[in-house]
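Structure first, then comments.
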Amino acid sequence: MREYYTITELTREFDISTRTLRFYEDEGLIAPVRRGRTRLFRPSDRHLIRQIMRGKRLGFSINEIREIIQIYREPPGEVGQLKLMIKRIEEKREELRQKRRDLEETLSELDNAEEACVERLVELGVST
C-alpha cells in the first residue's frame, strides 16, 4: 500500500475533477496532507473518497455522507455507522418509492389527458 496519492491520481481513478476533491476537503470530508501548495492524500483519504462516491451514487446528500463518516470516526464507531447507514438506506428507499408513486400518478394523468384529446378530436371529426 502506498503512503500517498496525488490529486491527479485520484481524479483519474475516480473520474472526478480536482474541484470536486477540493470541495470534499472544504466540506471536511477528507483532509489531505499539505506539502506547500501540494495536496497529498493518504490511503484513508482514498477510502473516504470511495465511500463518498458510493454515497453519491446511492443518492445521499453531502450532509448525509458527512453524518455517516462522522459517526464512524467517533463512538459508537463502525456499529453506529452501519446502523445509521441502514436507517438512511430505508429512508432513501421510501423516498424512491414515493417518487415512483408520483411518477405513476403523473403518467396516469397524462394518459387521461391524451385520451380526452383524442376523444375531442373524434367529436370534431378529425382523424388521429
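We name chains A, B, ... following the order of the C-alpha cells; residues begin at 1 in each chain, and ligands are numbered from 1 as shown.
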
Would you list the contacts of stretch 23-30 of chain A as a short mmCIF file (atom, residue, chain, number, x, y, z; two decimals) with C-alpha atoms, in the first residue's frame, taking every protein, DNA or RNA residue within 7 Å and counting only C-alpha atoms, but skipping same-chain residues closer than 5 positions in sequence?
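So part-v1.cif came out as:
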data_model
loop_
_atom_site.label_atom_id
_atom_site.label_comp_id
_atom_site.auth_asym_id
_atom_site.auth_seq_id
_atom_site.Cartn_x
_atom_site.Cartn_y
_atom_site.Cartn_z
CA ASP A 45 -8.47 9.69 2.23
CA LEU A 48 -13.18 8.05 2.17
CA ARG A 66 -20.75 13.73 6.38
#

Please, which residues in stretch 24-71 of chain A fall within 8 Å of stretch 77-86 of chain A when counting only C-alpha atoms, and what is the closest atom pair and distance in Å to one decimal for each, ordered by chain then residue number, as CSV?
residue,atom,partner,partner_atom,distance
A:Ile68,CA,A:Gln81,CA,5.8
A:Ile69,CA,A:Gln81,CA,7.4
A:Ile71,CA,A:Gln81,CA,5.4

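For A:Thr8, the set of protein, DNA and RNA residues having any atom at most 9 Å away, when counting only C-alpha atoms and skipping those fewer than 5 positions along the same chain, is Glu13, Ser17 and Thr18 of chain A.
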
Please, could you write that set of residues out with N, CA and C atoms as a compact mmCIF listing (two decimals), in the first residue's frame?
# COMPACT_ATOMS: atom_id res chain seq x y z
N GLU A 13 -8.50 8.07 -11.06
CA GLU A 13 -9.05 6.81 -10.54
C GLU A 13 -10.56 6.88 -10.36
N SER A 17 -13.29 15.63 -10.83
CA SER A 17 -12.42 16.79 -11.06
C SER A 17 -11.63 17.14 -9.80
N THR A 18 -10.57 17.91 -10.00
CA THR A 18 -9.80 18.41 -8.85
C THR A 18 -10.69 19.32 -8.02

Exercise. For stretch 37-41 of chain A, please output as a PyMOL selection string all residues within 7 Å (counting only C-alpha atoms; exclusion window: fewer than 3 positions along the same chain).
Key: chain A and resi 4-7+32-34+45-46

Could you give me, as a PDB file with N, CA, C and O atoms, in the first residue's frame, the residues within 12 Å of A:Lys92, counting only C-alpha atoms and dropping anything in the same chain fewer than 4 positions from it?
ATOM      1  N   GLY A  55     -21.767   6.886  -1.667  1.00  0.00           N
ATOM      2  CA  GLY A  55     -22.912   7.591  -1.094  1.00  0.00           C
ATOM      3  C   GLY A  55     -23.627   8.454  -2.119  1.00  0.00           C
ATOM      4  O   GLY A  55     -24.859   8.491  -2.175  1.00  0.00           O
ATOM      5  N   LYS A  56     -22.851   9.135  -2.959  1.00  0.00           N
ATOM      6  CA  LYS A  56     -23.446   9.969  -4.009  1.00  0.00           C
ATOM      7  C   LYS A  56     -24.235   9.107  -4.996  1.00  0.00           C
ATOM      8  O   LYS A  56     -25.320   9.476  -5.401  1.00  0.00           O
ATOM      9  N   ARG A  57     -23.667   7.953  -5.375  1.00  0.00           N
ATOM     10  CA  ARG A  57     -24.378   7.054  -6.296  1.00  0.00           C
ATOM     11  C   ARG A  57     -25.693   6.575  -5.702  1.00  0.00           C
ATOM     12  O   ARG A  57     -26.665   6.352  -6.414  1.00  0.00           O
ATOM     13  N   LEU A  58     -25.715   6.392  -4.380  1.00  0.00           N
ATOM     14  CA  LEU A  58     -26.931   5.934  -3.700  1.00  0.00           C
ATOM     15  C   LEU A  58     -27.921   7.073  -3.470  1.00  0.00           C
ATOM     16  O   LEU A  58     -29.029   6.837  -2.985  1.00  0.00           O
ATOM     17  N   GLY A  59     -27.514   8.299  -3.802  1.00  0.00           N
ATOM     18  CA  GLY A  59     -28.430   9.428  -3.690  1.00  0.00           C
ATOM     19  C   GLY A  59     -28.347  10.194  -2.390  1.00  0.00           C
ATOM     20  O   GLY A  59     -29.214  11.016  -2.097  1.00  0.00           O
ATOM     21  N   PHE A  60     -27.312   9.948  -1.598  1.00  0.00           N
ATOM     22  CA  PHE A  60     -27.161  10.670  -0.340  1.00  0.00           C
ATOM     23  C   PHE A  60     -26.615  12.070  -0.589  1.00  0.00           C
ATOM     24  O   PHE A  60     -25.801  12.281  -1.484  1.00  0.00           O
ATOM     25  N   SER A  61     -27.060  13.020   0.218  1.00  0.00           N
ATOM     26  CA  SER A  61     -26.547  14.384   0.142  1.00  0.00           C
ATOM     27  C   SER A  61     -25.180  14.447   0.825  1.00  0.00           C
ATOM     28  O   SER A  61     -24.797  13.539   1.568  1.00  0.00           O
ATOM     29  N   GLU A  64     -25.639  14.145   4.529  1.00  0.00           N
ATOM     30  CA  GLU A  64     -25.871  12.769   4.972  1.00  0.00           C
ATOM     31  C   GLU A  64     -24.575  11.970   4.951  1.00  0.00           C
ATOM     32  O   GLU A  64     -24.302  11.199   5.876  1.00  0.00           O
ATOM     33  N   MET A  85     -26.414   3.809   8.531  1.00  0.00           N
ATOM     34  CA  MET A  85     -26.468   3.534   7.095  1.00  0.00           C
ATOM     35  C   MET A  85     -27.740   2.758   6.760  1.00  0.00           C
ATOM     36  O   MET A  85     -28.421   3.070   5.777  1.00  0.00           O
ATOM     37  N   ILE A  86     -28.083   1.772   7.555  1.00  0.00           N
ATOM     38  CA  ILE A  86     -29.311   1.008   7.339  1.00  0.00           C
ATOM     39  C   ILE A  86     -30.527   1.927   7.413  1.00  0.00           C
ATOM     40  O   ILE A  86     -31.428   1.855   6.565  1.00  0.00           O
ATOM     41  N   LYS A  87     -30.532   2.815   8.408  1.00  0.00           N
ATOM     42  CA  LYS A  87     -31.644   3.760   8.547  1.00  0.00           C
ATOM     43  C   LYS A  87     -31.727   4.678   7.327  1.00  0.00           C
ATOM     44  O   LYS A  87     -32.813   4.902   6.777  1.00  0.00           O
ATOM     45  N   ARG A  88     -30.608   5.214   6.890  1.00  0.00           N
ATOM     46  CA  ARG A  88     -30.581   6.127   5.737  1.00  0.00           C
ATOM     47  C   ARG A  88     -30.982   5.409   4.446  1.00  0.00           C
ATOM     48  O   ARG A  88     -31.659   5.982   3.597  1.00  0.00           O
ATOM     49  N   LEU A  96     -37.646   7.003  -2.833  1.00  0.00           N
ATOM     50  CA  LEU A  96     -37.753   6.490  -4.199  1.00  0.00           C
ATOM     51  C   LEU A  96     -39.119   5.859  -4.453  1.00  0.00           C
ATOM     52  O   LEU A  96     -39.689   6.019  -5.534  1.00  0.00           O
ATOM     53  N   ARG A  97     -39.646   5.155  -3.462  1.00  0.00           N
ATOM     54  CA  ARG A  97     -40.996   4.587  -3.615  1.00  0.00           C
ATOM     55  C   ARG A  97     -42.025   5.687  -3.818  1.00  0.00           C
ATOM     56  O   ARG A  97     -42.922   5.556  -4.641  1.00  0.00           O
ATOM     57  N   GLN A  98     -41.880   6.775  -3.054  1.00  0.00           N
ATOM     58  CA  GLN A  98     -42.810   7.896  -3.199  1.00  0.00           C
ATOM     59  C   GLN A  98     -42.670   8.532  -4.581  1.00  0.00           C
ATOM     60  O   GLN A  98     -43.660   8.864  -5.230  1.00  0.00           O
ATOM     61  N   LYS A  99     -41.443   8.687  -5.035  1.00  0.00           N
ATOM     62  CA  LYS A  99     -41.228   9.237  -6.381  1.00  0.00           C
ATOM     63  C   LYS A  99     -41.851   8.336  -7.437  1.00  0.00           C
ATOM     64  O   LYS A  99     -42.444   8.821  -8.402  1.00  0.00           O
TER      65      LYS A  99
END

Quiz item: Per DSSP on the backbone, what are the helix (DSSP H, G or I) residues of stretch 1-110 of chain A, as a PyMOL selection string?
Solution: chain A and resi 7-14+18-26+43-57+62-73+77-110

Since we have the selection now, will you write its residues out, keeping C-alpha atoms, as a tab-separated table (two decimals), in the first residue's frame?
chain	number	residue	atom	x	y	z
A	7	ILE	CA	-4.70	14.75	-6.62
A	8	THR	CA	-4.16	13.82	-10.26
A	9	GLU	CA	-4.02	10.11	-9.47
A	10	LEU	CA	-7.26	10.24	-7.51
A	11	THR	CA	-9.12	12.36	-10.05
A	12	ARG	CA	-8.23	9.80	-12.71
A	13	GLU	CA	-9.05	6.81	-10.54
A	14	PHE	CA	-12.47	8.11	-9.51
A	18	THR	CA	-9.80	18.41	-8.85
A	19	ARG	CA	-12.51	20.91	-7.95
A	20	THR	CA	-14.63	18.04	-6.58
A	21	LEU	CA	-11.79	16.86	-4.36
A	22	ARG	CA	-11.21	20.40	-3.13
A	23	PHE	CA	-14.94	20.68	-2.41
A	24	TYR	CA	-14.82	17.48	-0.33
A	25	GLU	CA	-11.85	18.94	1.50
A	26	ASP	CA	-13.66	22.25	2.10
A	43	PRO	CA	-4.88	5.70	1.77
A	44	SER	CA	-7.55	6.64	4.35
A	45	ASP	CA	-8.47	9.69	2.23
A	46	ARG	CA	-8.71	7.43	-0.82
A	47	HIS	CA	-11.01	5.11	1.12
A	48	LEU	CA	-13.18	8.05	2.17
A	49	ILE	CA	-13.39	9.29	-1.43
A	50	ARG	CA	-14.56	5.82	-2.43
A	51	GLN	CA	-17.22	5.95	0.31
A	52	ILE	CA	-18.27	9.47	-0.68
A	53	MET	CA	-18.66	8.40	-4.31
A	54	ARG	CA	-20.69	5.39	-3.23
A	55	GLY	CA	-22.91	7.59	-1.09
A	56	LYS	CA	-23.45	9.97	-4.01
A	57	ARG	CA	-24.38	7.05	-6.30
A	62	ILE	CA	-23.18	15.74	1.26
A	63	ASN	CA	-24.66	16.37	4.72
A	64	GLU	CA	-25.87	12.77	4.97
A	65	ILE	CA	-22.48	11.48	3.84
A	66	ARG	CA	-20.75	13.73	6.38
A	67	GLU	CA	-23.00	12.40	9.15
A	68	ILE	CA	-22.23	8.79	8.24
A	69	ILE	CA	-18.48	9.47	8.10
A	70	GLN	CA	-18.57	11.38	11.40
A	71	ILE	CA	-20.29	8.54	13.22
A	72	TYR	CA	-17.54	6.18	12.03
A	73	ARG	CA	-14.84	8.50	13.42
A	77	GLY	CA	-17.84	3.79	15.59
A	78	GLU	CA	-18.46	1.22	12.92
A	79	VAL	CA	-21.53	-0.31	14.61
A	80	GLY	CA	-23.18	3.11	14.82
A	81	GLN	CA	-22.20	3.88	11.25
A	82	LEU	CA	-23.71	0.64	9.99
A	83	LYS	CA	-26.96	1.20	11.91
A	84	LEU	CA	-27.20	4.75	10.61
A	85	MET	CA	-26.47	3.53	7.10
A	86	ILE	CA	-29.31	1.01	7.34
A	87	LYS	CA	-31.64	3.76	8.55
A	88	ARG	CA	-30.58	6.13	5.74
A	89	ILE	CA	-30.94	3.39	3.12
A	90	GLU	CA	-34.51	2.73	4.23
A	91	GLU	CA	-35.25	6.46	4.11
A	92	LYS	CA	-33.85	6.61	0.55
A	93	ARG	CA	-35.92	3.58	-0.42
A	94	GLU	CA	-39.07	5.27	0.86
A	95	GLU	CA	-38.20	8.48	-0.99
A	96	LEU	CA	-37.75	6.49	-4.20
A	97	ARG	CA	-41.00	4.59	-3.62
A	98	GLN	CA	-42.81	7.90	-3.20
A	99	LYS	CA	-41.23	9.24	-6.38
A	100	ARG	CA	-42.33	6.09	-8.19
A	101	ARG	CA	-45.91	6.56	-6.92
A	102	ASP	CA	-45.79	10.21	-8.01
A	103	LEU	CA	-44.50	9.21	-11.46
A	104	GLU	CA	-47.20	6.56	-11.85
A	105	GLU	CA	-49.86	9.11	-10.92
A	106	THR	CA	-48.45	11.66	-13.36
A	107	LEU	CA	-48.29	9.06	-16.14
A	108	SER	CA	-51.90	8.15	-15.46
A	109	GLU	CA	-52.91	11.81	-15.62
A	110	LEU	CA	-51.07	12.17	-18.93

Quiz prompt | Distance of atom CA of A:Glu115 from atom CA of A:Ser127, expressed in Å to one decimal place | solution = 13.5 Å
